[in-house]
$ cat start_11.pdb   # PDB, C-alpha atoms, pLDDT in the B column
ATOM      1  CA  MET F  18       0.000   0.000   0.000  1.00 60.00           C
ATOM      2  CA  THR F  19       2.790   2.419   0.915  1.00 76.00           C
ATOM      3  CA  LEU F  20       4.635   1.639  -2.313  1.00 81.00           C
ATOM      4  CA  THR F  21       1.503   2.248  -4.393  1.00 83.00           C
ATOM      5  CA  LEU F  22       0.875   5.519  -2.581  1.00 84.00           C
ATOM      6  CA  ALA F  23       4.485   6.554  -3.203  1.00 84.00           C
ATOM      7  CA  LEU F  24       3.997   5.926  -6.925  1.00 85.00           C
ATOM      8  CA  VAL F  25       0.801   7.994  -7.041  1.00 84.00           C
ATOM      9  CA  LEU F  26       2.213  10.859  -4.985  1.00 82.00           C
ATOM     10  CA  GLY F  27       5.422  10.804  -7.032  1.00 82.00           C
ATOM     11  CA  VAL F  28       3.356  11.389 -10.147  1.00 83.00           C
ATOM     12  CA  ALA F  29       1.516  14.280  -8.474  1.00 82.00           C
ATOM     13  CA  VAL F  30       4.715  15.991  -7.296  1.00 78.00           C
ATOM     14  CA  GLY F  31       6.372  15.333 -10.666  1.00 77.00           C
ATOM     15  CA  ILE F  32       3.520  17.005 -12.514  1.00 77.00           C
ATOM     16  CA  LEU F  33       3.908  20.087 -10.323  1.00 74.00           C
ATOM     17  CA  LEU F  34       7.667  20.074 -10.895  1.00 71.00           C
ATOM     18  CA  GLY F  35       7.220  19.821 -14.660  1.00 68.00           C
ATOM     19  CA  LEU F  36       4.541  22.488 -14.911  1.00 68.00           C
ATOM     20  CA  LEU F  37       5.935  24.971 -12.402  1.00 65.00           C
ATOM     21  CA  GLY F  38       9.659  24.299 -12.374  1.00 59.00           C
ATOM     22  CA  GLY F  39      11.593  24.320  -9.088  1.00 58.00           C
ATOM     23  CA  GLY F  40       8.693  25.904  -7.205  1.00 61.00           C
ATOM     24  CA  GLY F  41       6.744  22.670  -7.462  1.00 62.00           C
ATOM     25  CA  SER F  42       9.167  20.937  -5.111  1.00 70.00           C
ATOM     26  CA  ILE F  43       7.925  23.000  -2.163  1.00 78.00           C
ATOM     27  CA  LEU F  44       5.203  20.400  -1.510  1.00 80.00           C
ATOM     28  CA  ALA F  45       7.513  17.367  -1.544  1.00 82.00           C
ATOM     29  CA  VAL F  46       8.331  17.402   2.181  1.00 85.00           C
ATOM     30  CA  PRO F  47       4.716  17.867   3.380  1.00 87.00           C
ATOM     31  CA  VAL F  48       3.607  15.056   1.050  1.00 85.00           C
ATOM     32  CA  LEU F  49       6.299  12.723   2.370  1.00 85.00           C
ATOM     33  CA  VAL F  50       5.605  13.573   6.029  1.00 87.00           C
ATOM     34  CA  TYR F  51       1.815  13.666   6.094  1.00 86.00           C
ATOM     35  CA  ALA F  52       0.829  11.328   3.249  1.00 84.00           C
ATOM     36  CA  LEU F  53       3.595   8.712   3.420  1.00 84.00           C
ATOM     37  CA  GLY F  54       4.192   9.014   7.158  1.00 85.00           C
ATOM     38  CA  MET F  55       7.941   9.583   6.920  1.00 86.00           C
ATOM     39  CA  ASP F  56       9.900  11.130   9.746  1.00 86.00           C
ATOM     40  CA  LEU F  57      11.186  14.597   8.893  1.00 84.00           C
ATOM     41  CA  SER F  58      14.753  13.261   9.029  1.00 83.00           C
ATOM     42  CA  GLU F  59      13.884  10.859   6.199  1.00 85.00           C
ATOM     43  CA  ALA F  60      11.566  13.175   4.268  1.00 86.00           C
ATOM     44  CA  ILE F  61      14.174  15.917   3.788  1.00 85.00           C
ATOM     45  CA  PRO F  62      16.849  13.759   2.069  1.00 86.00           C
ATOM     46  CA  THR F  63      14.146  11.997   0.046  1.00 85.00           C
ATOM     47  CA  SER F  64      12.864  15.365  -1.135  1.00 85.00           C
ATOM     48  CA  LEU F  65      16.406  16.440  -2.019  1.00 86.00           C
ATOM     49  CA  LEU F  66      16.949  13.239  -4.010  1.00 85.00           C
ATOM     50  CA  VAL F  67      13.774  13.796  -6.034  1.00 82.00           C
ATOM     51  CA  ILE F  68      14.551  17.475  -6.584  1.00 82.00           C
ATOM     52  CA  GLY F  69      18.139  16.724  -7.599  1.00 86.00           C
ATOM     53  CA  VAL F  70      17.242  14.004 -10.098  1.00 85.00           C
ATOM     54  CA  ALA F  71      14.367  16.000 -11.619  1.00 80.00           C
ATOM     55  CA  SER F  72      16.500  19.150 -11.859  1.00 81.00           C
ATOM     56  CA  ALA F  73      19.391  17.272 -13.461  1.00 84.00           C
ATOM     57  CA  THR F  74      17.012  15.843 -16.035  1.00 81.00           C
ATOM     58  CA  GLY F  75      15.572  19.281 -16.720  1.00 78.00           C
ATOM     59  CA  ALA F  76      19.020  20.878 -16.924  1.00 81.00           C
ATOM     60  CA  ILE F  77      20.248  18.667 -19.780  1.00 83.00           C
ATOM     61  CA  PRO F  78      18.366  20.476 -22.590  1.00 81.00           C
ATOM     62  CA  LYS F  79      19.318  23.843 -21.061  1.00 81.00           C
ATOM     63  CA  VAL F  80      22.994  22.904 -21.115  1.00 87.00           C
ATOM     64  CA  ARG F  81      22.736  21.741 -24.729  1.00 86.00           C
ATOM     65  CA  ALA F  82      21.054  25.007 -25.675  1.00 84.00           C
ATOM     66  CA  LYS F  83      23.821  26.955 -23.876  1.00 87.00           C
ATOM     67  CA  LEU F  84      21.313  28.571 -21.524  1.00 83.00           C
ATOM     68  CA  VAL F  85      23.521  28.300 -18.427  1.00 87.00           C
ATOM     69  CA  GLU F  86      25.746  31.071 -17.080  1.00 86.00           C
ATOM     70  CA  TRP F  87      28.415  28.720 -15.762  1.00 90.00           C
ATOM     71  CA  ARG F  88      30.541  31.178 -13.800  1.00 86.00           C
ATOM     72  CA  LEU F  89      27.520  32.526 -11.963  1.00 87.00           C
ATOM     73  CA  ALA F  90      26.273  28.975 -11.402  1.00 89.00           C
ATOM     74  CA  ALA F  91      29.680  28.122  -9.928  1.00 90.00           C
ATOM     75  CA  ILE F  92      29.451  31.005  -7.435  1.00 89.00           C
ATOM     76  CA  PHE F  93      25.909  30.061  -6.413  1.00 89.00           C
ATOM     77  CA  ALA F  94      26.813  26.374  -6.184  1.00 90.00           C
ATOM     78  CA  ALA F  95      30.042  26.886  -4.218  1.00 92.00           C
ATOM     79  CA  THR F  96      28.425  29.173  -1.671  1.00 93.00           C
ATOM     80  CA  GLY F  97      25.201  27.160  -1.794  1.00 90.00           C
ATOM     81  CA  ILE F  98      26.950  23.896  -0.931  1.00 91.00           C
ATOM     82  CA  VAL F  99      28.512  25.536   2.122  1.00 94.00           C
ATOM     83  CA  GLY F 100      25.120  26.941   3.073  1.00 92.00           C
ATOM     84  CA  THR F 101      23.503  23.535   2.532  1.00 90.00           C
ATOM     85  CA  LEU F 102      25.943  21.883   4.920  1.00 91.00           C
ATOM     86  CA  VAL F 103      25.301  24.627   7.486  1.00 93.00           C
ATOM     87  CA  GLY F 104      21.543  24.213   7.084  1.00 91.00           C
ATOM     88  CA  SER F 105      21.741  20.418   7.388  1.00 89.00           C
ATOM     89  CA  THR F 106      23.812  20.663  10.571  1.00 90.00           C
ATOM     90  CA  LEU F 107      21.491  23.293  12.015  1.00 91.00           C
ATOM     91  CA  GLY F 108      18.417  21.188  11.246  1.00 87.00           C
ATOM     92  CA  LYS F 109      19.807  18.211  13.153  1.00 85.00           C
ATOM     93  CA  HIS F 110      20.065  20.317  16.306  1.00 87.00           C
ATOM     94  CA  LEU F 111      16.654  21.991  16.091  1.00 89.00           C
ATOM     95  CA  PRO F 112      13.374  20.516  17.394  1.00 90.00           C
ATOM     96  CA  GLU F 113      11.277  19.037  14.603  1.00 87.00           C
ATOM     97  CA  ALA F 114       8.447  21.455  15.451  1.00 89.00           C
ATOM     98  CA  ALA F 115      10.755  24.436  14.908  1.00 90.00           C
ATOM     99  CA  VAL F 116      11.833  23.085  11.514  1.00 89.00           C
ATOM    100  CA  MET F 117       8.223  22.512  10.433  1.00 90.00           C
ATOM    101  CA  ILE F 118       7.175  26.018  11.520  1.00 91.00           C
ATOM    102  CA  GLY F 119      10.136  27.469   9.635  1.00 90.00           C
ATOM    103  CA  PHE F 120       9.214  25.386   6.611  1.00 88.00           C
ATOM    104  CA  ALA F 121       5.633  26.707   6.716  1.00 90.00           C
ATOM    105  CA  ILE F 122       6.983  30.262   6.748  1.00 90.00           C
ATOM    106  CA  VAL F 123       9.167  29.468   3.715  1.00 86.00           C
ATOM    107  CA  MET F 124       6.068  28.074   1.956  1.00 85.00           C
ATOM    108  CA  ILE F 125       4.158  31.300   2.622  1.00 88.00           C
ATOM    109  CA  ILE F 126       7.053  33.334   1.191  1.00 84.00           C
ATOM    110  CA  ALA F 127       7.185  31.040  -1.853  1.00 80.00           C
ATOM    111  CA  GLY F 128       3.433  31.362  -2.411  1.00 82.00           C
ATOM    112  CA  ALA F 129       3.624  35.154  -2.187  1.00 83.00           C
ATOM    113  CA  ARG F 130       6.498  35.101  -4.669  1.00 76.00           C
ATOM    114  CA  MET F 131       4.374  33.071  -7.112  1.00 73.00           C
ATOM    115  CA  LEU F 132       1.498  35.549  -6.897  1.00 78.00           C
ATOM    116  CA  ARG F 133       3.728  38.522  -7.508  1.00 73.00           C
ATOM    117  CA  SER F 134       3.923  39.541 -11.147  1.00 61.00           C
ATOM    118  CA  THR F 135       6.588  42.053 -12.087  1.00 57.00           C
ATOM    119  CA  ASP F 136       8.623  42.972 -15.122  1.00 55.00           C
ATOM    120  CA  ASP F 137      11.367  44.633 -13.087  1.00 57.00           C
ATOM    121  CA  VAL F 138      14.835  43.419 -13.963  1.00 57.00           C
ATOM    122  CA  GLY F 139      17.973  44.017 -11.967  1.00 58.00           C
ATOM    123  CA  THR F 140      21.226  45.342 -13.383  1.00 59.00           C
ATOM    124  CA  ALA F 141      23.946  44.193 -10.968  1.00 60.00           C
ATOM    125  CA  CYS F 142      25.284  41.542 -13.365  1.00 69.00           C
ATOM    126  CA  LYS F 143      24.016  42.922 -16.672  1.00 60.00           C
ATOM    127  CA  THR F 144      26.474  45.017 -18.647  1.00 52.00           C
ATOM    128  CA  GLY F 145      25.247  44.674 -22.215  1.00 55.00           C
ATOM    129  CA  ASN F 146      27.604  43.009 -24.692  1.00 57.00           C
ATOM    130  CA  SER F 147      30.678  43.472 -22.504  1.00 53.00           C
ATOM    131  CA  GLY F 148      29.901  40.494 -20.287  1.00 61.00           C
ATOM    132  CA  ILE F 149      29.296  40.364 -16.532  1.00 67.00           C
ATOM    133  CA  ASP F 150      30.768  42.973 -14.220  1.00 67.00           C
ATOM    134  CA  TRP F 151      31.938  40.618 -11.468  1.00 69.00           C
ATOM    135  CA  ARG F 152      32.960  43.460  -9.153  1.00 72.00           C
ATOM    136  CA  ARG F 153      29.264  44.393  -8.889  1.00 73.00           C
ATOM    137  CA  CYS F 154      27.814  40.933  -9.360  1.00 75.00           C
ATOM    138  CA  ALA F 155      29.851  38.742  -6.995  1.00 75.00           C
ATOM    139  CA  PRO F 156      29.090  40.675  -3.753  1.00 80.00           C
ATOM    140  CA  ARG F 157      25.364  40.069  -4.301  1.00 80.00           C
ATOM    141  CA  SER F 158      25.673  36.526  -5.665  1.00 84.00           C
ATOM    142  CA  ILE F 159      27.710  35.130  -2.765  1.00 87.00           C
ATOM    143  CA  PRO F 160      25.285  35.890   0.128  1.00 88.00           C
ATOM    144  CA  THR F 161      22.275  34.983  -2.029  1.00 86.00           C
ATOM    145  CA  GLY F 162      23.774  31.616  -2.958  1.00 88.00           C
ATOM    146  CA  PHE F 163      24.661  30.917   0.663  1.00 92.00           C
ATOM    147  CA  GLY F 164      21.158  31.803   1.870  1.00 88.00           C
ATOM    148  CA  VAL F 165      19.500  29.532  -0.678  1.00 86.00           C
ATOM    149  CA  GLY F 166      21.859  26.740   0.364  1.00 89.00           C
ATOM    150  CA  VAL F 167      20.873  27.092   4.017  1.00 91.00           C
ATOM    151  CA  LEU F 168      17.205  26.705   3.066  1.00 87.00           C
ATOM    152  CA  THR F 169      18.037  23.647   0.961  1.00 86.00           C
ATOM    153  CA  GLY F 170      19.863  21.874   3.779  1.00 87.00           C
ATOM    154  CA  LEU F 171      17.432  22.881   6.499  1.00 88.00           C
ATOM    155  CA  PHE F 172      14.096  22.307   4.759  1.00 86.00           C
ATOM    156  CA  GLY F 173      14.833  20.024   1.805  1.00 80.00           C
ATOM    157  CA  VAL F 174      13.691  22.536  -0.821  1.00 78.00           C
ATOM    158  CA  GLY F 175      15.451  23.181  -4.108  1.00 71.00           C
ATOM    159  CA  GLY F 176      15.244  26.940  -3.747  1.00 72.00           C
ATOM    160  CA  GLY F 177      14.257  27.577  -7.356  1.00 71.00           C
ATOM    161  CA  PHE F 178      11.532  29.954  -6.160  1.00 70.00           C
ATOM    162  CA  LEU F 179      14.335  32.111  -4.696  1.00 74.00           C
ATOM    163  CA  ILE F 180      17.194  31.509  -7.158  1.00 79.00           C
ATOM    164  CA  ILE F 181      15.303  32.513 -10.295  1.00 77.00           C
ATOM    165  CA  PRO F 182      13.929  35.803  -8.862  1.00 75.00           C
ATOM    166  CA  ALA F 183      17.396  36.595  -7.495  1.00 76.00           C
ATOM    167  CA  LEU F 184      19.021  36.004 -10.875  1.00 79.00           C
ATOM    168  CA  VAL F 185      16.423  38.020 -12.789  1.00 76.00           C
ATOM    169  CA  LEU F 186      15.252  40.742 -10.402  1.00 73.00           C
ATOM    170  CA  LEU F 187      18.464  41.302  -8.465  1.00 73.00           C
ATOM    171  CA  LEU F 188      21.230  40.401 -10.879  1.00 76.00           C
ATOM    172  CA  GLY F 189      19.666  41.132 -14.272  1.00 75.00           C
ATOM    173  CA  ILE F 190      20.068  37.705 -15.900  1.00 77.00           C
ATOM    174  CA  GLU F 191      17.671  36.869 -18.752  1.00 78.00           C
ATOM    175  CA  MET F 192      14.844  34.530 -17.697  1.00 73.00           C
ATOM    176  CA  SER F 193      15.797  31.710 -20.092  1.00 75.00           C
ATOM    177  CA  VAL F 194      19.380  31.713 -18.784  1.00 81.00           C
ATOM    178  CA  ALA F 195      18.196  32.134 -15.186  1.00 80.00           C
ATOM    179  CA  VAL F 196      16.093  28.954 -15.406  1.00 79.00           C
ATOM    180  CA  GLY F 197      18.988  26.874 -16.779  1.00 83.00           C
ATOM    181  CA  THR F 198      21.450  28.316 -14.276  1.00 86.00           C
ATOM    182  CA  SER F 199      19.002  27.708 -11.429  1.00 84.00           C
ATOM    183  CA  LEU F 200      18.618  24.035 -12.353  1.00 84.00           C
ATOM    184  CA  VAL F 201      22.394  23.492 -12.278  1.00 88.00           C
ATOM    185  CA  VAL F 202      22.649  25.173  -8.865  1.00 89.00           C
ATOM    186  CA  ILE F 203      19.744  23.120  -7.504  1.00 85.00           C
ATOM    187  CA  VAL F 204      21.452  19.885  -8.598  1.00 88.00           C
ATOM    188  CA  ALA F 205      24.643  20.835  -6.733  1.00 89.00           C
ATOM    189  CA  ASN F 206      22.840  21.987  -3.589  1.00 88.00           C
ATOM    190  CA  SER F 207      20.503  18.976  -3.534  1.00 88.00           C
ATOM    191  CA  ALA F 208      23.394  16.538  -3.903  1.00 90.00           C
ATOM    192  CA  ALA F 209      25.285  18.183  -1.046  1.00 89.00           C
ATOM    193  CA  GLY F 210      22.192  18.207   1.155  1.00 87.00           C
ATOM    194  CA  PHE F 211      21.325  14.597   0.380  1.00 88.00           C
ATOM    195  CA  LEU F 212      24.826  13.366   1.204  1.00 87.00           C
ATOM    196  CA  SER F 213      24.953  15.413   4.420  1.00 84.00           C
ATOM    197  CA  HIS F 214      21.768  13.704   5.676  1.00 81.00           C
ATOM    198  CA  LEU F 215      22.800  10.136   4.873  1.00 78.00           C
ATOM    199  CA  GLN F 216      24.957   9.386   7.916  1.00 75.00           C
ATOM    200  CA  GLY F 217      23.087   7.117  10.296  1.00 69.00           C
ATOM    201  CA  LEU F 218      19.927   7.362   8.216  1.00 72.00           C
ATOM    202  CA  SER F 219      17.701   4.371   7.532  1.00 74.00           C
ATOM    203  CA  ILE F 220      15.860   4.756   4.222  1.00 75.00           C
ATOM    204  CA  ASP F 221      13.223   2.542   2.614  1.00 79.00           C
ATOM    205  CA  TRP F 222      14.865   2.608  -0.800  1.00 81.00           C
ATOM    206  CA  ALA F 223      11.931   0.881  -2.500  1.00 84.00           C
ATOM    207  CA  VAL F 224       9.552   3.670  -1.482  1.00 83.00           C
ATOM    208  CA  VAL F 225      12.107   6.412  -2.132  1.00 82.00           C
ATOM    209  CA  GLY F 226      13.023   4.946  -5.526  1.00 84.00           C
ATOM    210  CA  ALA F 227       9.386   4.641  -6.571  1.00 86.00           C
ATOM    211  CA  PHE F 228       8.662   8.219  -5.517  1.00 84.00           C
ATOM    212  CA  ALA F 229      11.769   9.615  -7.245  1.00 83.00           C
ATOM    213  CA  ALA F 230      11.319   7.626 -10.468  1.00 87.00           C
ATOM    214  CA  THR F 231       7.659   8.484 -10.986  1.00 87.00           C
ATOM    215  CA  ALA F 232       8.245  12.133 -10.052  1.00 83.00           C
ATOM    216  CA  THR F 233      11.047  12.423 -12.611  1.00 83.00           C
ATOM    217  CA  VAL F 234       9.098  10.770 -15.440  1.00 85.00           C
ATOM    218  CA  ALA F 235       5.960  12.766 -14.645  1.00 83.00           C
ATOM    219  CA  SER F 236       7.949  16.020 -14.557  1.00 78.00           C
ATOM    220  CA  LEU F 237       9.320  15.355 -18.050  1.00 79.00           C
ATOM    221  CA  ILE F 238       5.875  14.648 -19.475  1.00 81.00           C
ATOM    222  CA  ALA F 239       4.286  17.598 -17.669  1.00 75.00           C
ATOM    223  CA  GLY F 240       7.112  19.878 -18.764  1.00 68.00           C
ATOM    224  CA  TYR F 241       6.414  19.003 -22.390  1.00 71.00           C
ATOM    225  CA  LEU F 242       2.657  19.426 -22.046  1.00 70.00           C
ATOM    226  CA  GLY F 243       3.025  22.578 -19.973  1.00 62.00           C
ATOM    227  CA  THR F 244       4.089  24.585 -23.021  1.00 60.00           C
ATOM    228  CA  ARG F 245       0.438  24.410 -24.163  1.00 66.00           C
ATOM    229  CA  MET F 246      -1.119  25.471 -20.851  1.00 64.00           C
ATOM    230  CA  ASP F 247      -1.817  28.777 -19.142  1.00 65.00           C
ATOM    231  CA  THR F 248       0.977  28.443 -16.590  1.00 61.00           C
ATOM    232  CA  ASP F 249       0.297  31.886 -15.073  1.00 70.00           C
ATOM    233  CA  ARG F 250      -3.173  30.837 -13.944  1.00 74.00           C
ATOM    234  CA  LEU F 251      -1.843  27.452 -12.823  1.00 73.00           C
ATOM    235  CA  GLN F 252       0.855  29.152 -10.757  1.00 73.00           C
ATOM    236  CA  ARG F 253      -1.734  31.324  -9.008  1.00 80.00           C
ATOM    237  CA  TRP F 254      -3.842  28.321  -8.038  1.00 80.00           C
ATOM    238  CA  PHE F 255      -0.726  26.494  -6.915  1.00 78.00           C
ATOM    239  CA  ALA F 256       0.195  29.456  -4.719  1.00 81.00           C
ATOM    240  CA  TYR F 257      -3.198  29.173  -3.006  1.00 86.00           C
ATOM    241  CA  LEU F 258      -2.567  25.443  -2.500  1.00 84.00           C
ATOM    242  CA  VAL F 259       0.805  26.233  -0.947  1.00 84.00           C
ATOM    243  CA  PHE F 260      -0.865  28.683   1.459  1.00 90.00           C
ATOM    244  CA  ALA F 261      -3.405  26.023   2.451  1.00 89.00           C
ATOM    245  CA  VAL F 262      -0.709  23.403   3.071  1.00 88.00           C
ATOM    246  CA  ALA F 263       1.357  25.921   5.065  1.00 89.00           C
ATOM    247  CA  ALA F 264      -1.685  26.659   7.223  1.00 91.00           C
ATOM    248  CA  PHE F 265      -2.225  22.926   7.779  1.00 89.00           C
ATOM    249  CA  VAL F 266       1.416  22.466   8.787  1.00 89.00           C
ATOM    250  CA  LEU F 267       1.202  25.341  11.270  1.00 90.00           C
ATOM    251  CA  VAL F 268      -2.050  24.083  12.801  1.00 89.00           C
ATOM    252  CA  ASP F 269      -0.747  20.520  13.048  1.00 87.00           C
ATOM    253  CA  THR F 270       2.590  21.610  14.523  1.00 87.00           C
ATOM    254  CA  ILE F 271       1.413  24.277  16.970  1.00 84.00           C
ATOM    255  CA  TRP F 272      -2.054  23.211  18.075  1.00 77.00           C
ATOM    256  CA  LEU F 273      -2.344  19.488  17.441  1.00 61.00           C
ATOM    257  CA  GLN F 274       0.949  18.263  18.852  1.00 58.00           C
TER     258      GLN F 274
END

$ encode --input "start_11.pdb" --output "structure tokens"
Amino acid sequence: MTLTLALVLGVAVGILLGLLGGGGSILAVPVLVYALGMDLSEAIPTSLLVIGVASATGAIPKVRAKLVEWRLAAIFAATGIVGTLVGSTLGKHLPEAAVMIGFAIVMIIAGARMLRSTDDVGTACKTGNSGIDWRRCAPRSIPTGFGVGVLTGLFGVGGGFLIIPALVLLLGIEMSVAVGTSLVVIVANSAAGFLSHLQGLSIDWAVVGAFAATATVASLIAGYLGTRMDTDRLQRWFAYLVFAVAAFVLVDTIWLQ
């Protein structure tokens, strides 16, 4: 029964990943905790595994199309990996209730980010045809990459809902390049977070494998079909779903424990 449920839920999460990109992964941990009954210590690395595999799969066509700013990805990944390790260590010393409350807050921020529509574009890294001005770009990229990494290690989220806005709105990277760069960074951060959680961890690999495999396949199919859908409307409804799940997590953690 658990294996069947993992397959079904993997498809559901994969569809969200494919249609909405990295933001869809925000529901992975709540699904694993509340629907599959995993402990938070198992749900976080499982979520990171799914996010990492799905992001790596999605990054391949972006790399082939040369839609990755590799030097910026390297800065985000290097600082993000350090942040991920810090977040993972911090999470192991915090009460589970505190982590869940923090995760609910992150979900609310992510939902608000999805509802916000803006055409503003930053300029810190954008210098026309002369390339990237690293003297202006690096000081903003380093703390942003580290902060996203902390969230990845602490809550098991990919951070795409923060990386892409940071690249576009703060640093001035084109959206198509920002998406590809974000996927590469998420792969690096997820791998670091997954490995940092493995020590002393007992994982039901059959359930985890089923969830990860179906999520990855479903994300590929949904990503292809998503080009024909009104993703703006879908993102708004998903934001409302995220708010509802965040409210459930807060109620369950604060009042029902």

$ closest_atom_pairs --input "start_11.pdb" --of "stretch 52-103 of chain F" --to "stretch 216-231 of chain F" --cutoff "7 Å" --atoms "only C-alpha atoms" --output "tab-separated table"
residue	atom	partner	partner_atom	distance
F:Glu59	CA	F:Ile220	CA	6.7
F:Thr63	CA	F:Val225	CA	6.3
F:Val67	CA	F:Ala229	CA	4.8

$ residues_around --input "start_11.pdb" --residues "stretch 157-174 of chain F" --least-positions-apart "3" --cutoff "8 Å" --atoms "all atoms listed in the file" --output "PyMOL selection string"
chain F and resi 42-43+46+60-62+64-65+68+89+92-108+116+120+141+153-154+179-180+183+188+206-207+210

$ write_last_selection --input "start_11.pdb" --atoms "C-alpha atoms" --output "mmCIF file, in the coordinates of the input"
data_model
loop_
_atom_site.group_PDB
_atom_site.id
_atom_site.type_symbol
_atom_site.label_atom_id
_atom_site.label_comp_id
_atom_site.auth_asym_id
_atom_site.auth_seq_id
_atom_site.Cartn_x
_atom_site.Cartn_y
_atom_site.Cartn_z
ATOM 1 C CA SER F 42 9.167 20.937 -5.111
ATOM 2 C CA ILE F 43 7.925 23.000 -2.163
ATOM 3 C CA VAL F 46 8.331 17.402 2.181
ATOM 4 C CA ALA F 60 11.566 13.175 4.268
ATOM 5 C CA ILE F 61 14.174 15.917 3.788
ATOM 6 C CA PRO F 62 16.849 13.759 2.069
ATOM 7 C CA SER F 64 12.864 15.365 -1.135
ATOM 8 C CA LEU F 65 16.406 16.440 -2.019
ATOM 9 C CA ILE F 68 14.551 17.475 -6.584
ATOM 10 C CA LEU F 89 27.520 32.526 -11.963
ATOM 11 C CA ILE F 92 29.451 31.005 -7.435
ATOM 12 C CA PHE F 93 25.909 30.061 -6.413
ATOM 13 C CA ALA F 94 26.813 26.374 -6.184
ATOM 14 C CA ALA F 95 30.042 26.886 -4.218
ATOM 15 C CA THR F 96 28.425 29.173 -1.671
ATOM 16 C CA GLY F 97 25.201 27.160 -1.794
ATOM 17 C CA ILE F 98 26.950 23.896 -0.931
ATOM 18 C CA VAL F 99 28.512 25.536 2.122
ATOM 19 C CA GLY F 100 25.120 26.941 3.073
ATOM 20 C CA THR F 101 23.503 23.535 2.532
ATOM 21 C CA LEU F 102 25.943 21.883 4.920
ATOM 22 C CA VAL F 103 25.301 24.627 7.486
ATOM 23 C CA GLY F 104 21.543 24.213 7.084
ATOM 24 C CA SER F 105 21.741 20.418 7.388
ATOM 25 C CA THR F 106 23.812 20.663 10.571
ATOM 26 C CA LEU F 107 21.491 23.293 12.015
ATOM 27 C CA GLY F 108 18.417 21.188 11.246
ATOM 28 C CA VAL F 116 11.833 23.085 11.514
ATOM 29 C CA PHE F 120 9.214 25.386 6.611
ATOM 30 C CA ALA F 141 23.946 44.193 -10.968
ATOM 31 C CA ARG F 153 29.264 44.393 -8.889
ATOM 32 C CA CYS F 154 27.814 40.933 -9.360
ATOM 33 C CA LEU F 179 14.335 32.111 -4.696
ATOM 34 C CA ILE F 180 17.194 31.509 -7.158
ATOM 35 C CA ALA F 183 17.396 36.595 -7.495
ATOM 36 C CA LEU F 188 21.230 40.401 -10.879
ATOM 37 C CA ASN F 206 22.840 21.987 -3.589
ATOM 38 C CA SER F 207 20.503 18.976 -3.534
ATOM 39 C CA GLY F 210 22.192 18.207 1.155
#

$ resolve_selection --input "start_11.pdb" --expression "the PyMOL selection byres ((chain F and resi 25) around 12)" --output "ChimeraX atom specification"
/F:18-24,26-32,48-49,52-53,224,227-232,235

$ resolve_selection --input "start_11.pdb" --expression "the PyMOL selection byres ((chain F and resi 79-81) around 9)" --output "compact mmCIF listing (two decimals) with C-alpha atoms, in the coordinates of the input"
# COMPACT_ATOMS: atom_id res chain seq x y z
CA GLY F 75 15.57 19.28 -16.72
CA ALA F 76 19.02 20.88 -16.92
CA ILE F 77 20.25 18.67 -19.78
CA PRO F 78 18.37 20.48 -22.59
CA ALA F 82 21.05 25.01 -25.68
CA LYS F 83 23.82 26.96 -23.88
CA LEU F 84 21.31 28.57 -21.52
CA VAL F 85 23.52 28.30 -18.43
CA SER F 193 15.80 31.71 -20.09
CA VAL F 194 19.38 31.71 -18.78
CA VAL F 196 16.09 28.95 -15.41
CA GLY F 197 18.99 26.87 -16.78
CA THR F 198 21.45 28.32 -14.28
CA LEU F 200 18.62 24.04 -12.35
CA VAL F 201 22.39 23.49 -12.28

$ resolve_selection --input "start_11.pdb" --expression "the PyMOL selection byres ((chain F and resi 119) around 12)" --output "list in words"
Gly108, Leu111, Pro112, Glu113, Ala114, Ala115, Val116, Met117, Ile118, Phe120, Ala121, Ile122, Val123, Met124, Ile125, Ile126, Leu168, Leu171, Phe172, Gly173, Ala263, Val266, Leu267, Thr270 and Ile271 of chain F

$ write_last_selection --input "start_11.pdb" --atoms "C-alpha atoms" --output "short mmCIF file (atom, residue, chain, number, x, y, z; two decimals), keeping the file's coordinate frame"
data_model
loop_
_atom_site.label_atom_id
_atom_site.label_comp_id
_atom_site.auth_asym_id
_atom_site.auth_seq_id
_atom_site.Cartn_x
_atom_site.Cartn_y
_atom_site.Cartn_z
CA GLY F 108 18.42 21.19 11.25
CA LEU F 111 16.65 21.99 16.09
CA PRO F 112 13.37 20.52 17.39
CA GLU F 113 11.28 19.04 14.60
CA ALA F 114 8.45 21.46 15.45
CA ALA F 115 10.76 24.44 14.91
CA VAL F 116 11.83 23.08 11.51
CA MET F 117 8.22 22.51 10.43
CA ILE F 118 7.18 26.02 11.52
CA PHE F 120 9.21 25.39 6.61
CA ALA F 121 5.63 26.71 6.72
CA ILE F 122 6.98 30.26 6.75
CA VAL F 123 9.17 29.47 3.72
CA MET F 124 6.07 28.07 1.96
CA ILE F 125 4.16 31.30 2.62
CA ILE F 126 7.05 33.33 1.19
CA LEU F 168 17.20 26.70 3.07
CA LEU F 171 17.43 22.88 6.50
CA PHE F 172 14.10 22.31 4.76
CA GLY F 173 14.83 20.02 1.80
CA ALA F 263 1.36 25.92 5.07
CA VAL F 266 1.42 22.47 8.79
CA LEU F 267 1.20 25.34 11.27
CA THR F 270 2.59 21.61 14.52
CA ILE F 271 1.41 24.28 16.97
#

$ closest_residue --input "start_11.pdb" --among "F:Ala239, F:Gly54, F:Glu86, F:Ala91" --to "F:Met192" --atoms "only C-alpha atoms"
F:Glu86

$ closest_residue --input "start_11.pdb" --among "F:Leu215, F:Val268, F:Met55, F:Ala209" --to "F:Gly69" --atoms "all atoms listed in the file"
F:Ala209

$ closest_residue --input "start_11.pdb" --among "F:Ala45, F:Val234, F:Ala129, F:Ser199" --to "F:Trp87" --atoms "all atoms listed in the file"
F:Ser199

$ closest_residue --input "start_11.pdb" --among "F:Trp254, F:Phe265, F:Tyr51, F:Phe211" --to "F:Gly128" --atoms "only C-alpha atoms"
F:Trp254
